[in-house]
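**Q** File query_23.pdb below, PDB, C-alpha atoms and all ligand atoms:
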ATOM      1  CA  MET A   1      71.778 117.715  93.386
ATOM      2  CA  GLY A   2      73.412 115.557  90.737
ATOM      3  CA  LYS A   3      72.667 111.930  90.287
ATOM      4  CA  VAL A   4      74.390 109.395  92.465
ATOM      5  CA  GLN A   5      76.562 107.312  90.207
ATOM      6  CA  ILE A   6      76.720 103.683  91.154
ATOM      7  CA  CYS A   7      78.958 101.321  89.331
ATOM      8  CA  ILE A   8      78.528  97.737  90.451
ATOM      9  CA  CYS A   9      81.109  95.211  89.307
ATOM     10  CA  LEU A  10      79.382  92.480  87.402
ATOM     11  CA  GLY A  11      82.506  90.476  86.677
ATOM     12  CA  SER A  12      81.959  86.808  87.494
ATOM     13  CA  SER A  13      83.892  86.860  90.781
ATOM     14  CA  CYS A  14      82.157  89.919  92.260
ATOM     15  CA  PHE A  15      78.814  88.769  90.940
ATOM     16  CA  ALA A  16      79.134  85.335  92.498
ATOM     17  CA  ARG A  17      80.489  86.702  95.780
ATOM     18  CA  GLY A  18      77.632  89.016  96.484
ATOM     19  CA  ASN A  19      76.997  91.678  93.879
ATOM     20  CA  GLU A  20      74.001  89.743  92.641
ATOM     21  CA  LYS A  21      72.391  90.415  96.036
ATOM     22  CA  ASN A  22      73.765  93.965  96.195
ATOM     23  CA  LEU A  23      72.171  94.726  92.866
ATOM     24  CA  GLN A  24      68.860  93.516  94.262
ATOM     25  CA  VAL A  25      69.352  95.775  97.299
ATOM     26  CA  ILE A  26      69.890  98.770  95.002
ATOM     27  CA  GLU A  27      66.872  97.952  92.882
ATOM     28  CA  ASP A  28      64.649  97.474  95.936
ATOM     29  CA  PHE A  29      65.926 100.737  97.458
ATOM     30  CA  MET A  30      65.229 102.627  94.228
ATOM     31  CA  ALA A  31      61.732 101.181  93.924
ATOM     32  CA  GLU A  32      60.882 101.734  97.581
ATOM     33  CA  HIS A  33      61.946 105.374  97.568
ATOM     34  CA  ASN A  34      61.090 106.285  93.996
ATOM     35  CA  LEU A  35      64.695 107.011  93.157
ATOM     36  CA  GLN A  36      64.749 105.899  89.552
ATOM     37  CA  ASP A  37      65.728 109.431  88.529
ATOM     38  CA  GLY A  38      68.244 109.970  91.317
ATOM     39  CA  ILE A  39      70.560 107.079  90.616
ATOM     40  CA  ASP A  40      72.657 106.550  87.580
ATOM     41  CA  LEU A  41      73.211 102.828  87.684
ATOM     42  CA  ASP A  42      76.009 102.019  85.333
ATOM     43  CA  PHE A  43      76.804  98.488  84.347
ATOM     44  CA  GLY A  44      78.771  99.252  81.226
ATOM     45  CA  CYS A  45      82.003 100.312  82.890
ATOM     46  CA  CYS A  46      81.904  97.680  85.521
ATOM     47  CA  LEU A  47      83.276  94.495  84.214
ATOM     48  CA  CYS A  48      86.118  92.929  86.158
ATOM     49  CA  GLN A  49      88.569  95.602  87.323
ATOM     50  CA  GLY A  50      91.234  93.149  88.429
ATOM     51  CA  ALA A  51      90.468  93.642  92.100
ATOM     52  CA  CYS A  52      88.486  90.455  92.555
ATOM     53  CA  ALA A  53      90.261  89.463  95.783
ATOM     54  CA  GLY A  54      88.763  92.429  97.599
ATOM     55  CA  GLY A  55      85.326  92.048  96.050
ATOM     56  CA  PRO A  56      82.512  92.257  95.708
ATOM     57  CA  ASN A  57      83.296  95.785  94.590
ATOM     58  CA  VAL A  58      80.935  98.690  94.195
ATOM     59  CA  THR A  59      81.966 102.185  93.088
ATOM     60  CA  ILE A  60      79.856 105.130  94.183
ATOM     61  CA  ASN A  61      80.638 108.581  92.806
ATOM     62  CA  GLY A  62      84.152 107.474  91.922
ATOM     63  CA  LYS A  63      85.010 105.854  95.268
ATOM     64  CA  THR A  64      85.395 102.099  95.263
ATOM     65  CA  TYR A  65      84.270  99.984  98.186
ATOM     66  CA  GLY A  66      85.337  96.371  98.627
ATOM     67  CA  ASN A  67      83.781  93.436 100.470
ATOM     68  CA  VAL A  68      80.364  94.997 100.118
ATOM     69  CA  ASP A  69      77.635  92.889 101.650
ATOM     70  CA  PRO A  70      73.926  93.748 101.453
ATOM     71  CA  GLY A  71      74.004  95.473 104.866
ATOM     72  CA  MET A  72      76.894  97.696 103.822
ATOM     73  CA  MET A  73      75.229  98.327 100.462
ATOM     74  CA  LEU A  74      72.152  99.640 102.230
ATOM     75  CA  GLU A  75      74.289 101.784 104.502
ATOM     76  CA  LEU A  76      76.116 103.262 101.497
ATOM     77  CA  LEU A  77      72.821 104.048  99.782
ATOM     78  CA  ARG A  78      71.466 105.751 102.909
ATOM     79  CA  LYS A  79      74.673 107.766 103.200
ATOM     80  CA  ASN A  80      74.304 108.986  99.628
ATOM     81  CA  PHE A  81      70.642 109.831 100.110
ATOM     82  CA  PRO A  82      70.700 111.514 103.528
ATOM     83  CA  GLU A  83      67.157 112.778 103.075
ATOM     84  CA  ILE A  84      65.916 109.195 103.275
ATOM     85  CA  LYS A  85      65.480 107.820 106.767
TER      86      LYS A  85
HETATM   87  S1  LIG B 101      85.057  90.468  89.161
HETATM   88 FE1  LIG B 101      84.926  92.379  90.156
HETATM   89  S2  LIG B 101      86.995  93.037  90.187
HETATM   90 FE2  LIG B 101      87.099  91.130  89.208
END
Transcribe the structure of this file into structure tokens.
**A**
Amino acid sequence: MGKVQICICLGSSCFARGNEKNLQVIEDFMAEHNLQDGIDLDFGCCLCQGACAGGPNVTINGKTYGNVDPGMMLELLRKNFPEIK
């Protein structure tokens, strides 16, 4: 299976509205389940994408999700790693 590509918008609006916490959720999830090699966490392409109003935005494998809160972030991670309960 290829790596799960997660692009988390770190523009100031998304960051302030929740992506700071979402990033923490991703990092905790990776550490807890030893997923460092299974996730390609990409910050480089994720500066403000002009969709701040719907943020915080997170893109996973090319699909962008808006209004992502930590609960939804965790749900999205679980969905992309179905082998993890
Ligand atoms: S800061 Fe994320 S889309 Fe603008």
**Q** So, counting all atoms listed in the file, which residue among A:Gln36, A:Leu23, A:Gly18, A:Cys48 is closest to ligand LIG 101 (chain B)?
**A**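 Checking each of A:Gln36, A:Leu23, A:Gly18, A:Cys48 against ligand LIG 101 (chain B), counting all atoms listed in the file, the winner is A:Cys48.
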**Q** Evaluate the PyMOL selection byres (((not hetatm)) within 10 of (chain B and resi 101)) here and jot the selected residues down as a ChimeraX atom specification.
**A** /A:8-17,19,46-58,66
**Q** Please list, as a list in words, the residues that have an atom at most 7 Å away from (77.6, 107.1, 90.2) in the coordinates of this file, counting all atoms listed in the file.
**A** Lys3, Val4, Gln5, Ile6, Cys7, Asp40, Leu41, Ile60, Asn61 and Gly62 of chain A
**Q** Would you mind reading off the distance between CA of Ile39 in chain A and CA of Glu27 in chain A, one decimal, in Å?
**A** 10.1 Å
**Q** From the list A:Thr59, A:Leu35, A:Gly2, A:Asn22, which residue is nearest Met72 in chain A when using all atoms listed in the file?
**A**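 Smallest distance to Met72 in chain A is found for A:Asn22.
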**Q** Calculate how many Å separate CA of Lys21 in chain A from CA of Glu83 in chain A, rounding to one decimal.
**A**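 Value for the CA of Lys21 in chain A-CA of Glu83 in chain A distance: 24.0 Å.
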**Q** Would you list the contacts of Ile84 in chain A as JSON, numbers by chain, taking every protein, DNA or RNA residue within 9 Å and counting all atoms listed in the file, but skipping same-chain residues closer than 5 positions in sequence?
**A** {"A": [33, 78, 79]}
**Q** So that I can see what lies close to Ile26 in chain A, please list as a ChimeraX atom specification the residues with an atom at most 8 Å from it, counting all atoms listed in the file and leaving out residues fewer than 3 positions away in the same chain.
**A** /A:22-23,29-30,73-74,77
**Q** What does the file look like for those residues with C-alpha atoms, as an mmCIF file, in the frame of the given file?
**A**
data_model
loop_
_atom_site.group_PDB
_atom_site.id
_atom_site.type_symbol
_atom_site.label_atom_id
_atom_site.label_comp_id
_atom_site.auth_asym_id
_atom_site.auth_seq_id
_atom_site.Cartn_x
_atom_site.Cartn_y
_atom_site.Cartn_z
ATOM 1 C CA ASN A 22 73.765 93.965 96.195
ATOM 2 C CA LEU A 23 72.171 94.726 92.866
ATOM 3 C CA PHE A 29 65.926 100.737 97.458
ATOM 4 C CA MET A 30 65.229 102.627 94.228
ATOM 5 C CA MET A 73 75.229 98.327 100.462
ATOM 6 C CA LEU A 74 72.152 99.640 102.230
ATOM 7 C CA LEU A 77 72.821 104.048 99.782
#
